[in-house]
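Colleague: Structure incoming, see below.
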Amino acid sequence: MLKKIPTPILITGAKGFIGSNLLRRLICKGYETNIIVRTKDNCWRIEDILNKTNIFFEDLTNFKLINKIINKLKPKTIFHLAAYGAYEYQNEIEKIKKVNLDATINLINTCTEQGFNTFINTGSNSEYGLKKNPMKETDVLTPNSYYAVFKAASTLFCQYESISKKLPIISIRPFHVYGPYEEKTRLIPNLISSILFNRCPPLSNPENVRDMVYIEDAVNFYLSLTNENVDYGSIFNLGTGTQHSLKEIVDTTLALTESKIKITWNSMPSRKWDQTVWQADMNNTNKILGWTPVNSLRTGLSKTIEWHKHYYQN
C-alpha cells in the first residue's frame, strides 16, 4: 500500500498530459496540491479542477520569482514535468533549452536551499536516440533532436547534483504513454477519433513500433517513487518492456471499436524517430522497484476508447 506522500506537493507541467493526470489523482486522494504554470491558456485538461489546487502563474526560467514561490511553499515532494519541444511545431531552440534545462537547474537549486524529501524529474526515452536493442538506463545517449539533447542534459544535471550533494533526486524516462487527455494530434487520440468518426486515420509504416504504457500505470509509477529509498542519481525507464507494431495497435483498436474501416498504410511519412526497435529495458526498474504495469495494451486502449466516447461525443 502506498504510504502517505510528504507534503507540501508541487507539480510543474500540470497542464500537460502526464502532469494533469497526476494532479487529478492527487486531488482525488485528498492531497492539497500546488502547481506552477506559465500562463492561463491551454488549461483544457484541468479546467474543471482549477479551483481544487493552488496555482502560481510564473515562468520557471525566472529564478528570482521561482525562488520566491519555493521559499513560500517549501515543497517536500516535487514532480517536475514541465517540458517544451516534444512536438514538431515546438522548434524554438532557445526555448527548448530554457524550458528543459534552465528551468530544471533553477528548480533544483532553489528547492535544494529549502530541503526536500523527493524530487522526481521527468526525462524522455528520446534521450537514447536510435538503438538496435531494448534501451537501458546505462546506454550511451545519442539524442536525435534538440529536445532530446536538452532532456538528456537535464537528466545528467539532476544525476550529478543528486550524487555530488546527496540529494534525493530521481529521473524517469517515460516511453509512449497514452490515455485520457493526451494531445489530440498524437497517435492514439488521432487513431481513436478517426475510427469513431468513421474516417481513415493517417498512418505511417505498419512495422514501426512503440513501447506503450497506459497513463494509469504511469501515474502509479510516479506516486510509488515518493516512497522509495533508492541510490542517489537513480534513473528509471517507464515502459512495459514490450514493443507493439503500429499494425498491432491499429488492429486492436479496430477490433475494440468493431470498426470495418479499410486502413491505408503509409498515408503519412515516417518521422526521424520512428523505428523498428523502440522498447524499454525494464530490468533495472523491476529489480530495484519491483514495479510492473497492470494494464495490457488491449485493456489500456479499451479504457481510452471509452473515455474518448464520453469526452468528445457527449
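The chains in the C-alpha cells are called A, B, ... from first to last as shown; in each chain the residues are counted from 1, and the ligands are counted from 1 in the order shown.
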Please identify all polymer residues within 6 Å of range 9-15 of chain A, counting only C-alpha atoms, omitting same-chain residues fewer than 3 positions from it, and present them as a ChimeraX atom specification.
Modeller: /A:19-20,33-36,43,75,77-82
Colleague: Restricting the calculation to only C-alpha atoms: of A:Val294, A:Ile46, A:Leu187, A:Cys158, which residue gets closest to Phe221 in chain A?
Modeller: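 Answer, going by the shortest atom-to-atom distance: A:Val294.
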Colleague: Using only C-alpha atoms for the distances, tell me which of A:Glu47, A:Glu258, A:Glu306, A:Asp274 is nearest to Asn198 in chain A.
Modeller: A:Glu258
Colleague: Would you mind writing down, as an MDAnalysis selection string, each residue of range 114-276 of chain A that DSSP on the backbone assigns to alpha helix (DSSP H)?
Modeller: chainID A and resid 114 146:165 187:196 215:224 246:257
